[in-house]
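Q: Have a peek at my_file_7.cif (mmCIF, C-alpha atoms and all ligand atoms).
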data_start
loop_
_atom_site.label_atom_id
_atom_site.label_comp_id
_atom_site.auth_asym_id
_atom_site.auth_seq_id
_atom_site.Cartn_x
_atom_site.Cartn_y
_atom_site.Cartn_z
CA MET A 860 -18.63 -20.82 15.69
CA SER A 861 -20.11 -20.89 19.14
CA ALA A 862 -21.16 -17.65 20.80
CA GLU A 863 -18.16 -17.16 23.01
CA ILE A 864 -14.68 -17.92 21.75
CA GLN A 865 -11.96 -18.38 24.33
CA CYS A 866 -8.49 -16.96 23.75
CA PRO A 867 -6.23 -19.88 22.76
CA ALA A 868 -3.57 -18.52 25.12
CA GLY A 869 -5.98 -19.01 28.00
CA CYS A 870 -6.86 -15.41 28.81
CA GLY A 871 -10.62 -15.88 28.67
CA PRO A 872 -13.32 -14.88 26.21
CA MET A 873 -12.39 -12.83 23.16
CA ASP A 874 -14.25 -9.84 21.73
CA TYR A 875 -15.32 -9.07 18.20
CA LYS A 876 -13.71 -5.89 16.99
CA THR A 877 -14.58 -4.17 13.76
CA ASN A 878 -11.78 -2.81 11.67
CA ARG A 879 -12.30 -0.45 8.81
CA ASN A 880 -9.57 -0.31 6.23
CA LEU A 881 -9.77 2.81 4.09
CA LYS A 882 -8.19 1.18 1.11
CA ILE A 883 -10.98 0.45 -1.33
CA ARG A 884 -10.94 -3.29 -1.53
CA ALA A 885 -14.44 -4.37 -0.75
CA PHE A 886 -17.09 -4.00 -3.41
CA ASP A 887 -20.14 -2.15 -2.25
CA PRO A 888 -22.57 -1.31 -5.09
CA LEU A 889 -23.95 1.85 -3.49
CA GLY A 890 -20.54 3.04 -2.35
CA THR A 891 -19.07 2.46 -5.79
CA VAL A 892 -21.85 4.45 -7.46
CA PHE A 893 -21.29 7.25 -4.96
CA TYR A 894 -17.57 7.60 -5.32
CA LEU A 895 -17.57 7.17 -9.09
CA ALA A 896 -20.32 9.78 -9.45
CA GLY A 897 -18.35 12.04 -7.12
CA LEU A 898 -15.16 11.57 -9.12
CA ILE A 899 -16.88 12.27 -12.43
CA LEU A 900 -18.54 15.36 -11.03
CA ILE A 901 -15.25 16.65 -9.62
CA ALA A 902 -13.42 15.95 -12.90
CA ASN A 903 -16.07 17.70 -15.00
CA SER A 904 -16.30 20.64 -12.65
CA ILE A 905 -12.57 21.22 -12.64
CA GLU A 906 -12.42 21.21 -16.45
CA VAL A 907 -15.09 23.86 -16.77
CA GLY A 908 -14.02 25.74 -13.65
CA SER A 909 -12.94 29.34 -13.98
CA GLY A 910 -11.04 30.17 -10.84
CA GLU A 911 -14.06 30.32 -8.60
CA THR A 912 -14.95 27.26 -6.61
CA ASN A 913 -17.39 25.34 -8.71
CA PRO A 914 -20.27 23.92 -6.65
CA GLY A 915 -19.80 20.68 -8.62
CA VAL A 916 -16.50 20.12 -6.81
CA ILE A 917 -18.18 20.37 -3.45
CA ILE A 918 -21.09 18.16 -4.45
CA GLY A 919 -18.63 15.72 -5.98
CA ALA A 920 -16.65 15.58 -2.77
CA LEU A 921 -19.84 15.08 -0.78
CA LEU A 922 -20.58 12.03 -2.94
CA PHE A 923 -17.00 10.80 -3.07
CA ILE A 924 -16.27 10.71 0.64
CA PRO A 925 -19.25 8.59 1.76
CA GLY A 926 -18.73 6.44 -1.34
CA VAL A 927 -15.19 5.60 -0.29
CA TYR A 928 -16.38 5.02 3.24
CA LEU A 929 -19.07 2.58 2.11
CA SER A 930 -16.61 0.79 -0.15
CA SER A 931 -13.87 0.48 2.40
CA LEU A 932 -13.00 -2.92 3.71
CA VAL A 933 -14.69 -3.81 6.95
CA THR A 934 -13.72 -6.90 8.85
CA THR A 935 -14.80 -8.11 12.22
CA ASP A 936 -12.11 -10.07 13.94
CA LEU A 937 -11.83 -11.69 17.31
CA SER A 938 -9.26 -10.12 19.53
CA CYS A 939 -8.04 -10.69 23.05
CA ASN A 940 -7.76 -7.64 25.25
CA THR A 941 -5.28 -9.32 27.55
CA CYS A 942 -2.61 -10.73 25.23
CA THR A 943 -3.57 -8.74 22.08
CA GLY A 944 -3.88 -11.99 20.13
CA VAL A 945 -6.14 -11.98 17.09
CA ILE A 946 -8.18 -14.67 15.39
CA LEU A 947 -8.99 -14.33 11.71
CA GLU A 948 -11.93 -16.34 10.52
CA SER A 949 -12.47 -17.60 7.00
CA LYS A 950 -14.00 -14.43 5.59
CA SER A 951 -11.33 -12.18 7.04
CA ILE A 952 -8.58 -14.46 5.76
CA ASP A 953 -9.95 -14.08 2.25
CA GLN A 954 -10.40 -10.34 2.54
CA LYS A 955 -7.23 -9.38 4.32
CA LEU A 956 -4.71 -11.86 3.03
CA LYS A 957 -5.21 -11.86 -0.67
CA GLY A 958 -2.55 -11.02 -3.20
CA ASP A 959 -2.38 -7.68 -4.97
CA LEU A 960 -4.96 -6.80 -7.59
CA LEU A 961 -2.63 -7.57 -10.48
CA GLY A 962 -1.86 -10.99 -9.12
CA LEU A 963 1.87 -10.30 -9.09
CA SER A 964 2.42 -11.27 -5.51
CA GLU A 965 1.62 -14.55 -3.92
CA ASN A 966 -1.92 -14.93 -2.61
CA LYS A 967 -1.29 -14.98 1.11
CA ALA A 968 -4.50 -16.78 2.03
CA GLU A 969 -3.75 -19.53 -0.46
CA TYR A 970 -0.16 -19.80 0.74
CA ILE A 971 -1.17 -20.06 4.38
CA ARG A 972 -3.89 -22.64 3.77
CA THR A 973 -1.45 -24.78 1.80
CA ALA A 974 1.20 -24.37 4.48
CA LEU A 975 -1.28 -25.40 7.16
CA SER A 976 -2.15 -28.59 5.34
CA SER A 977 1.48 -29.55 4.77
CA SER A 978 2.94 -28.56 8.13
CA THR A 979 3.28 -31.23 10.77
CA GLU A 980 4.34 -28.90 13.54
CA ASP A 981 1.76 -28.78 16.32
CA SER A 982 0.90 -25.49 17.91
CA GLU A 983 1.10 -25.21 21.67
CA HIS A 984 -2.51 -24.09 21.65
CA ASP A 985 -5.79 -25.79 20.88
CA CYS A 986 -8.20 -24.51 18.27
CA PRO A 987 -10.77 -22.38 20.10
CA ASP A 988 -13.49 -23.79 17.91
CA CYS A 989 -12.99 -27.54 17.53
CA GLU A 990 -10.52 -27.85 20.44
CA LYS A 991 -8.09 -29.93 18.45
CA LYS A 992 -4.41 -28.93 18.36
CA MET A 993 -3.74 -26.14 15.92
CA ILE A 994 -0.89 -26.31 13.43
CA HIS A 995 2.07 -23.98 13.67
CA ILE A 996 3.56 -22.43 10.55
CA SER A 997 6.18 -19.81 9.73
CA VAL A 998 5.51 -17.55 6.80
CA PRO A 999 8.68 -16.28 5.11
CA LEU A 1000 8.41 -12.65 4.09
CA GLU A 1001 10.20 -11.04 1.23
CA GLY A 1002 12.71 -8.26 1.26
CA GLU A 1003 14.45 -6.05 3.70
CA VAL A 1004 13.11 -4.91 6.96
CA ARG A 1005 12.49 -1.30 6.23
CA HIS A 1006 13.00 1.23 8.96
CA ARG A 1007 9.45 2.29 8.47
CA SER A 1008 8.01 -1.11 9.22
CA ASN A 1009 10.53 -1.68 11.99
CA HIS A 1010 9.34 1.46 13.60
CA LEU A 1011 5.72 0.42 13.28
CA VAL A 1012 6.20 -2.99 14.81
CA PRO A 1013 8.63 -2.67 17.71
CA ASP A 1014 6.85 -5.50 19.48
CA ILE A 1015 7.76 -8.13 16.97
CA VAL A 1016 11.35 -7.15 16.38
CA ASP A 1017 12.24 -10.20 18.44
CA ASP A 1018 10.53 -12.37 15.87
CA ILE A 1019 12.44 -10.88 13.01
CA GLN A 1020 15.76 -12.45 12.27
CA ASN A 1021 17.49 -9.28 11.31
CA LEU A 1022 20.77 -10.29 9.71
CA THR A 1023 22.91 -7.46 8.51
CA ALA A 1024 23.12 -8.08 4.77
CA THR A 1025 20.53 -10.59 3.74
CA VAL A 1026 17.55 -9.81 5.79
CA SER A 1027 15.01 -12.50 6.23
CA ARG A 1028 11.99 -12.32 8.39
CA THR A 1029 9.19 -14.66 9.12
CA ILE A 1030 5.88 -14.37 10.81
CA ASP A 1031 4.81 -17.38 12.75
CA LEU A 1032 1.21 -18.16 13.41
CA ASP A 1033 -1.09 -21.01 14.28
CA GLY A 1034 -4.15 -22.15 12.46
CA CYS A 1035 -6.82 -24.78 12.21
CA LYS A 1036 -7.40 -26.07 8.72
CA GLU A 1037 -10.76 -27.68 9.49
CA CYS A 1038 -12.24 -24.53 11.02
CA ASP A 1039 -10.37 -22.24 8.60
CA LEU A 1040 -9.15 -19.87 11.26
CA LEU A 1041 -5.80 -18.33 12.06
CA TRP A 1042 -4.42 -17.36 15.43
CA PHE A 1043 -1.86 -14.58 15.75
CA ASP A 1044 -0.44 -14.34 19.27
CA LYS A 1045 0.15 -10.63 18.69
CA ALA A 1046 -2.14 -8.28 16.79
CA LYS A 1047 0.94 -6.64 15.23
CA LYS A 1048 1.80 -9.84 13.39
CA GLU A 1049 -1.61 -9.89 11.78
CA GLU A 1050 -1.24 -6.20 10.85
CA VAL A 1051 2.13 -6.81 9.23
CA LEU A 1052 0.94 -9.83 7.29
CA SER A 1053 -2.22 -8.06 6.11
CA LYS A 1054 -0.38 -5.05 4.73
CA ASP A 1055 -0.43 -4.84 0.93
CA GLY A 1056 3.30 -4.19 0.93
CA THR A 1057 4.07 -7.41 2.76
CA ILE A 1058 4.97 -10.10 0.28
CA ILE A 1059 5.54 -13.77 0.91
CA ARG A 1060 8.96 -14.91 -0.23
CA LYS A 1061 8.91 -17.37 -3.09
CA THR A 1062 10.56 -20.63 -2.18
ZN ZN A 1101 -5.31 -13.81 25.15
ZN ZN A 1102 -10.59 -26.11 14.67
#
Go ahead and express the file in the form of structure tokens.
A:
Amino acid sequence: MSAEIQCPAGCGPMDYKTNRNLKIRAFDPLGTVFYLAGLILIANSIEVGSGETNPGVIIGALLFIPGVYLSSLVTTDLSCNTCTGVILESKSIDQKLKGDLLGLSENKAEYIRTALSSSTEDSEHDCPDCEKKMIHISVPLEGEVRHRSNHLVPDIVDDIQNLTATVSRTIDLDGCKECDLLWFDKAKKEEVLSKDGTIIRKT
């Protein structure tokens, strides 16, 4: 991608922002050694422990915490300070939008890439990279709108078709298949879609 990416909504240049996700999803060899060593040390120390605080627990924690930190998922995404839109590039799509570890839920990245190639609905915005029209898709999400998630995402309540009994909700986004990037016009949409608990409805 070129050095400066313009916001597709026309706000001007976008900034790279680094997000750290404290769920351990990225594999970092050093971090993994650290937190595993820390865990083992804590486990052993607690077994032998006799009421007093075993120094092994403290040392274990001192290894565990930076280990988790090193292993946490770090992504650098483009975001617009004006409209709060977010662009996910290829690497972030793979990291943030994969299925769960057991493979029980749909792989979101795969779903979205397939949807982008089969959708014929043009986005109202151009791809910030190749400047061709992006494709617009709606991603159907599974299950009820929980109060918890409602509360977290007041901004997108408008986008959620909240019917009383059968609740269906979709997240709409634009993307460019050639450049492998996704455009979310609100950062909250990207957050909701990236959450592990968010599952794409099977059609
Ligand atoms: Zn913008
Ligand atoms: Zn493009």
Q: Would you compute the distance between atom CA of Lys950 of chain A and atom CA of Val933 of chain A? Give it in Å to one decimal.
A: 10.7 Å
Q: Return the padded bounding box of segment 942-961 of chain A as lines of an AutoDock Vina configuration file: axis-aligned, built from all atoms listed in the file, 6 Å added on each side, with centre and edge lengths in Å to one decimal.
A:
center_x = -8.2
center_y = -12.2
center_z = 7.4
size_x = 23.6
size_y = 22.8
size_z = 47.7
Q: In Å, with one decimal, what is the gap from atom CA of Thr891 of chain A to atom CA of Ser930 of chain A?
A: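 That distance, rounded to one decimal, is 6.4 Å.
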Q: Report the closest atom pair, with its distance in Å rounded to one decimal, for each residue of chain A that has an atom no farther than 6 Å from ligand ZN 1102 (chain A); count only C-alpha atoms and all ligand atoms, sort by chain and then rising residue number, and write it as CSV.
A:
residue,atom,partner,partner_atom,distance
A:Cys986,CA,A:ZN1102,ZN,4.6
A:Asp988,CA,A:ZN1102,ZN,4.9
A:Cys989,CA,A:ZN1102,ZN,4.0
A:Lys991,CA,A:ZN1102,ZN,5.9
A:Cys1035,CA,A:ZN1102,ZN,4.7
A:Glu1037,CA,A:ZN1102,ZN,5.4
A:Cys1038,CA,A:ZN1102,ZN,4.3
Q: Could you write those residues out with C-alpha atoms, as a short mmCIF file (atom, residue, chain, number, x, y, z; two decimals), in the frame of the given file?
A:
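The result, written out as result_38.cif:
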data_model
loop_
_atom_site.label_atom_id
_atom_site.label_comp_id
_atom_site.auth_asym_id
_atom_site.auth_seq_id
_atom_site.Cartn_x
_atom_site.Cartn_y
_atom_site.Cartn_z
CA CYS A 986 -8.20 -24.51 18.27
CA ASP A 988 -13.49 -23.79 17.91
CA CYS A 989 -12.99 -27.54 17.53
CA LYS A 991 -8.09 -29.93 18.45
CA CYS A 1035 -6.82 -24.78 12.21
CA GLU A 1037 -10.76 -27.68 9.49
CA CYS A 1038 -12.24 -24.53 11.02
#
Q: What residues have any atom no more than 8 Å from ligand ZN 1101 (chain A) when counting all atoms listed in the file, and can you list them as a ChimeraX atom specification?
A: /A:866-871,873,938-944,1044
Q: Next, dump the selected residues to file, keeping only C-alpha atoms, as a PDB file, in the coordinates of the input.
A:
ATOM      1  CA  CYS A 866      -8.490 -16.960  23.750  1.00  0.00           C
ATOM      2  CA  PRO A 867      -6.230 -19.880  22.760  1.00  0.00           C
ATOM      3  CA  ALA A 868      -3.570 -18.520  25.120  1.00  0.00           C
ATOM      4  CA  GLY A 869      -5.980 -19.010  28.000  1.00  0.00           C
ATOM      5  CA  CYS A 870      -6.860 -15.410  28.810  1.00  0.00           C
ATOM      6  CA  GLY A 871     -10.620 -15.880  28.670  1.00  0.00           C
ATOM      7  CA  MET A 873     -12.390 -12.830  23.160  1.00  0.00           C
ATOM      8  CA  SER A 938      -9.260 -10.120  19.530  1.00  0.00           C
ATOM      9  CA  CYS A 939      -8.040 -10.690  23.050  1.00  0.00           C
ATOM     10  CA  ASN A 940      -7.760  -7.640  25.250  1.00  0.00           C
ATOM     11  CA  THR A 941      -5.280  -9.320  27.550  1.00  0.00           C
ATOM     12  CA  CYS A 942      -2.610 -10.730  25.230  1.00  0.00           C
ATOM     13  CA  THR A 943      -3.570  -8.740  22.080  1.00  0.00           C
ATOM     14  CA  GLY A 944      -3.880 -11.990  20.130  1.00  0.00           C
ATOM     15  CA  ASP A1044      -0.440 -14.340  19.270  1.00  0.00           C
TER      16      ASP A1044
END
Q: In terms of the shortest atom-to-atom distance over only C-alpha atoms, which of A:Ser949, A:Asn880, A:Ser904, A:Ser976 is closest to Leu937 of chain A?
A: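 Closest candidate: A:Ser949.
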Q: Could you name the residues that touch Gly897 of chain A at 7 Å or less, counting only C-alpha atoms, but leaving out those on the same chain fewer than 5 positions away, as a PyMOL selection string?
A: chain A and resi 919-920+922-923
Q: Any idea what's packed within 12 Å of Asn966 of chain A, counting all atoms listed in the file, ignoring anything in its chain fewer than 5 positions away? Could you give it as a ChimeraX atom specification?
A: /A:952-961,971-973,1052-1053,1055,1057-1061
Q: To one decimal place in Å, what is the distance between atom CA of Ile917 of chain A and atom CA of Val892 of chain A?
A: 16.8 Å
Q: Taking into account all atoms listed in the file, which residue in the set A:Lys1036, A:Gly926, A:Tyr875, A:Leu881 is nearest to Ser977 of chain A?
A: A:Lys1036
Q: For Met993 of chain A, which of A:Lys1054, A:Val916, A:Ala968, A:Leu1032 is the closest residue, counting all atoms listed in the file?
A: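 For Met993 of chain A, the nearest of the given residues is A:Leu1032.
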Q: Which residue, A:Pro999, A:Pro925, A:Gly1056, A:Leu900, has the smallest gap to Asn913 of chain A when you use all atoms listed in the file?
A: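 Distance minimum relative to Asn913 of chain A lands on A:Leu900.
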Q: When distances are computed from only C-alpha atoms, which of A:Ser951, A:Ser997, A:Thr1029, A:Thr935 shows the smallest separation from Arg879 of chain A?
A: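 Closest to Arg879 of chain A, using only C-alpha atoms: A:Thr935.
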